[in-house]
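Please read the structure below before turning to the comments.
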Amino acid sequence: MTTRAVETWTLEPLVKFVKEAGARLVLVMTSAGQVLAQHGFSRAVDVMSAAALGAAIMASTDEMARELRQPAFAALNHQGERHGIFLAGVATGRGRLVALVVYDLDVSSLGLVQLFFEQLAADLQAASPKDTVPKQVLAADFERQLSDSLNTLFGR
Amino acid sequence: MTAAAAAYVKALDLITRVRGVRGAMLVSAEDGIVVAEQLMEGIKGPAVSALAASLATRLRRAMEAAGVGASLFWHLQAEQGALLVVPTGGAGEAGGTLVVAVAEPDVNVGLVRLELLRAAEVVG
């Protein structure tokens, strides 16, 4: 399984997390769904779908928290028969990022993912570039930037 | 507090009363999450529970591969302490609960085992 990053500072924390938590698939993305790093995905279309769905879920739960006048929910876990999905926000110098983790229940567990996610969050926070203003993605550049990111994520 | 929660607290209390026990926990074997705990300061409950549940899963597979049936009790002795676990309520298969004790190296293992088994009966 390969781990690749568009923003290189995310790579080392992600590789460490995958190894320790036994995660099957991981996406690190912005809250808008722009992917910074991925592990385990083999097709670009899967990355795009997972990022869009993960970002949408985070946006929905953030809005629900706002409606309830509560701080944003820290994490969301959905456990299926064979796999679990863990989705959580990470505060970094690059702004709030979102991590989407898919784990096999045979190999890992919610407890392990939660445990090592705390370390991932701390590592990303420490490694993130400080005092940088995130680049605005203009509609005109969107397709090219998306294409460039996917090429990097799949080593093309 | 529900009757079940009160029973869990009492069961953990009996374990932690044994001299040399630094903490006791009920852990969901399937997901490694703490169900109930009584720990001394400095013991990382979520870390112990997640890793103990992971170990339980691997041990179960090893036991199955060896053809010796489900594990009933484990005692892991370390330089500065010990981890003692009784899987219960199907934890020998998949799911169920682990009754976990973290103890000093010179703890009376027989006594802790007895209290762990009693707690396992309460948890079911």
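Ordering of the structure tokens sets the chain letters (A, B, ...); residue numbers start at 1 within each chain; ligands are numbered from 1 in the order shown.
Near region 74-76 of chain A, within a cut-off of 8 Å and counting only C-alpha atoms, sit the residues Ala72, His78, Phe86, Leu87, Ala88 and Gly89 of chain A, with same-chain residues fewer than 2 positions away left out.
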Keeping C-alpha atoms, export the residues of the selection given above as a JSON list (two decimals), in the first residue's frame.
```json
[["chain", "number", "residue", "atom", "x", "y", "z"],
["A", 72, "ALA", "CA", -17.93, 21.41, 16.57],
["A", 78, "HIS", "CA", -19.28, 4.60, 11.86],
["A", 86, "PHE", "CA", -13.43, 7.42, 11.52],
["A", 87, "LEU", "CA", -13.67, 11.08, 10.59],
["A", 88, "ALA", "CA", -12.18, 13.89, 12.66],
["A", 89, "GLY", "CA", -10.88, 17.44, 12.42]]
```
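Every residue of chain A that lies within 9 Å of chain B is listed here, counting only C-alpha atoms: Leu105, Asp106, Val107, Ser108, Ser109, Leu110, Gly111, Leu112, Val113, Gln114, Leu115 and Phe116 of chain A.
Among A:Val15, A:Leu124, A:Ala55, A:Ala5, the residue with the shortest atom-to-atom distance to Val90 (chain A), counting only C-alpha atoms, is A:Leu124.
Residues with any atom within 9 Å of Leu59 (chain B), counting only C-alpha atoms and excluding same-chain neighbours fewer than 5 positions away, are Ser54, Glu64, Ala70 and Ser71 of chain B.
Within region 78-148 of chain A, the backbone-based DSSP assignment of strand (DSSP E) covers A:His78, A:Gln79, A:His83, A:Gly84, A:Ile85, A:Phe86, A:Leu87, A:Ala88, A:Gly89, A:Val90, A:Ala91, A:Thr92, A:Gly95, A:Arg96, A:Leu97, A:Val98, A:Ala99, A:Leu100, A:Val101, A:Val102, A:Tyr103, A:Asp104.
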Store the residues picked out above in a file with C-alpha atoms, as a PDB file, in the first residue's frame.
```pdb
ATOM      1  CA  HIS A  78     -19.277   4.604  11.862  1.00  0.00           C
ATOM      2  CA  GLN A  79     -18.787   0.912  12.477  1.00  0.00           C
ATOM      3  CA  HIS A  83     -14.881  -2.008   8.406  1.00  0.00           C
ATOM      4  CA  GLY A  84     -15.049   1.142  10.462  1.00  0.00           C
ATOM      5  CA  ILE A  85     -14.919   4.745   9.277  1.00  0.00           C
ATOM      6  CA  PHE A  86     -13.425   7.416  11.517  1.00  0.00           C
ATOM      7  CA  LEU A  87     -13.670  11.078  10.587  1.00  0.00           C
ATOM      8  CA  ALA A  88     -12.183  13.890  12.658  1.00  0.00           C
ATOM      9  CA  GLY A  89     -10.879  17.437  12.417  1.00  0.00           C
ATOM     10  CA  VAL A  90      -7.295  18.490  13.128  1.00  0.00           C
ATOM     11  CA  ALA A  91      -6.231  22.071  13.898  1.00  0.00           C
ATOM     12  CA  THR A  92      -2.934  22.899  12.159  1.00  0.00           C
ATOM     13  CA  GLY A  95      -5.932  25.670   8.984  1.00  0.00           C
ATOM     14  CA  ARG A  96      -8.414  23.030  10.025  1.00  0.00           C
ATOM     15  CA  LEU A  97      -7.785  19.732   8.281  1.00  0.00           C
ATOM     16  CA  VAL A  98      -9.972  16.658   8.156  1.00  0.00           C
ATOM     17  CA  ALA A  99      -8.754  13.074   8.429  1.00  0.00           C
ATOM     18  CA  LEU A 100     -10.831  10.241   7.030  1.00  0.00           C
ATOM     19  CA  VAL A 101      -9.702   6.804   8.203  1.00  0.00           C
ATOM     20  CA  VAL A 102     -11.080   3.449   7.073  1.00  0.00           C
ATOM     21  CA  TYR A 103      -9.964   0.478   9.172  1.00  0.00           C
ATOM     22  CA  ASP A 104     -10.557  -3.267   9.035  1.00  0.00           C
TER      23      ASP A 104
END
```
Which residues come within 8 Å of Phe73 (chain B), counting only C-alpha atoms, excluding same-chain residues fewer than 3 positions away, as a PDB file with N, CA and C atoms, in the first residue's frame?
```
ATOM      1  N   LEU B  84      -2.840  -7.837  34.050  1.00  0.00           N
ATOM      2  CA  LEU B  84      -3.588  -9.087  34.233  1.00  0.00           C
ATOM      3  C   LEU B  84      -4.969  -8.919  33.614  1.00  0.00           C
ATOM      4  N   VAL B  85      -5.369  -9.898  32.822  1.00  0.00           N
ATOM      5  CA  VAL B  85      -6.618  -9.752  32.061  1.00  0.00           C
ATOM      6  C   VAL B  85      -7.443 -11.043  32.108  1.00  0.00           C
ATOM      7  N   VAL B  86      -8.747 -10.877  32.299  1.00  0.00           N
ATOM      8  CA  VAL B  86      -9.692 -11.984  32.140  1.00  0.00           C
ATOM      9  C   VAL B  86     -10.685 -11.595  31.053  1.00  0.00           C
ATOM     10  N   PRO B  87     -10.686 -12.314  29.918  1.00  0.00           N
ATOM     11  CA  PRO B  87     -11.694 -12.045  28.889  1.00  0.00           C
ATOM     12  C   PRO B  87     -13.032 -12.652  29.320  1.00  0.00           C
ATOM     13  N   ARG B 113      -6.234 -12.420  40.344  1.00  0.00           N
ATOM     14  CA  ARG B 113      -6.949 -13.307  39.404  1.00  0.00           C
ATOM     15  C   ARG B 113      -8.338 -13.634  39.929  1.00  0.00           C
TER      16      ARG B 113
END
```
Exercise. Hey, what's within 9 Å of region 27-41 of chain A if we count only C-alpha atoms and toss same-chain stuff fewer than 4 positions away? As a PyMOL selection string, please?
Worked result: chain A and resi 1-8+10-11+14-15+18+23+46-48+50-56+58-59+89+94-101+146+149-150+153-154
Selected residues written out, C-alpha atoms, as a PDB file, in the first residue's frame:
```pdb
ATOM      1  CA  MET A   1       0.000   0.000   0.000  1.00  0.00           C
ATOM      2  CA  THR A   2       1.371   3.396  -0.927  1.00  0.00           C
ATOM      3  CA  THR A   3       1.239   6.637   0.971  1.00  0.00           C
ATOM      4  CA  ARG A   4       1.575   9.844  -1.006  1.00  0.00           C
ATOM      5  CA  ALA A   5       1.316  13.519  -0.174  1.00  0.00           C
ATOM      6  CA  VAL A   6       0.686  16.693  -2.147  1.00  0.00           C
ATOM      7  CA  GLU A   7       2.047  18.702   0.794  1.00  0.00           C
ATOM      8  CA  THR A   8       5.163  16.871   1.938  1.00  0.00           C
ATOM      9  CA  THR A  10       1.931  15.609   5.986  1.00  0.00           C
ATOM     10  CA  LEU A  11       3.748  12.494   4.760  1.00  0.00           C
ATOM     11  CA  LEU A  14       0.628   9.932   8.006  1.00  0.00           C
ATOM     12  CA  VAL A  15       3.040   7.043   7.402  1.00  0.00           C
ATOM     13  CA  VAL A  18      -0.961   4.135   9.206  1.00  0.00           C
ATOM     14  CA  ALA A  23      -5.470   1.808   8.962  1.00  0.00           C
ATOM     15  CA  ASP A  46     -12.184   6.895  -5.215  1.00  0.00           C
ATOM     16  CA  VAL A  47     -10.080   9.653  -3.658  1.00  0.00           C
ATOM     17  CA  MET A  48     -12.289  12.351  -5.159  1.00  0.00           C
ATOM     18  CA  ALA A  50     -14.202   9.890  -0.482  1.00  0.00           C
ATOM     19  CA  ALA A  51     -12.867  13.443  -0.071  1.00  0.00           C
ATOM     20  CA  ALA A  52     -16.123  15.018  -1.235  1.00  0.00           C
ATOM     21  CA  LEU A  53     -18.236  12.754   0.984  1.00  0.00           C
ATOM     22  CA  GLY A  54     -15.959  13.160   4.014  1.00  0.00           C
ATOM     23  CA  ALA A  55     -15.911  16.943   3.684  1.00  0.00           C
ATOM     24  CA  ALA A  56     -19.694  16.966   3.283  1.00  0.00           C
ATOM     25  CA  MET A  58     -17.893  17.197   8.404  1.00  0.00           C
ATOM     26  CA  ALA A  59     -19.769  20.233   7.078  1.00  0.00           C
ATOM     27  CA  GLY A  89     -10.879  17.437  12.417  1.00  0.00           C
ATOM     28  CA  ARG A  94      -2.408  25.194   7.569  1.00  0.00           C
ATOM     29  CA  GLY A  95      -5.932  25.670   8.984  1.00  0.00           C
ATOM     30  CA  ARG A  96      -8.414  23.030  10.025  1.00  0.00           C
ATOM     31  CA  LEU A  97      -7.785  19.732   8.281  1.00  0.00           C
ATOM     32  CA  VAL A  98      -9.972  16.658   8.156  1.00  0.00           C
ATOM     33  CA  ALA A  99      -8.754  13.074   8.429  1.00  0.00           C
ATOM     34  CA  LEU A 100     -10.831  10.241   7.030  1.00  0.00           C
ATOM     35  CA  VAL A 101      -9.702   6.804   8.203  1.00  0.00           C
ATOM     36  CA  LEU A 146      -7.144  18.967  -8.952  1.00  0.00           C
ATOM     37  CA  SER A 149      -2.923  16.893  -6.979  1.00  0.00           C
ATOM     38  CA  LEU A 150      -4.235  13.575  -8.261  1.00  0.00           C
ATOM     39  CA  LEU A 153      -1.159  11.363  -5.128  1.00  0.00           C
ATOM     40  CA  PHE A 154      -0.917   8.517  -7.626  1.00  0.00           C
TER      41      PHE A 154
END
```
For this session: Would you list the contacts of Val18 (chain B) as an MDAnalysis selection string, taking every protein, DNA or RNA residue within 9 Å and counting only C-alpha atoms, but skipping same-chain residues closer than 6 positions in sequence?
Result: chainID B and resid 107:108 111:112 115
Can those selected residues be exported to a file as a compact mmCIF listing (two decimals), in the first residue's frame so that it contains N, CA and C atoms?
```
# COMPACT_ATOMS: atom_id res chain seq x y z
N VAL B 107 2.75 -7.88 43.08
CA VAL B 107 1.36 -8.07 43.50
C VAL B 107 1.05 -9.56 43.69
N ASN B 108 0.09 -9.85 44.54
CA ASN B 108 -0.37 -11.24 44.73
C ASN B 108 -1.24 -11.61 43.53
N LEU B 111 -4.56 -13.58 44.05
CA LEU B 111 -5.66 -12.79 44.61
C LEU B 111 -6.29 -11.90 43.53
N VAL B 112 -5.43 -11.29 42.73
CA VAL B 112 -5.96 -10.41 41.66
C VAL B 112 -6.76 -11.24 40.67
N GLU B 115 -10.20 -11.88 41.97
CA GLU B 115 -11.08 -10.71 41.89
C GLU B 115 -11.46 -10.42 40.44
```
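Using only C-alpha atoms, the shortest contact distance between Gln125 (chain A) and any of A:Glu81, A:Val26, A:Gly93, A:Arg66 is found at A:Gly93.
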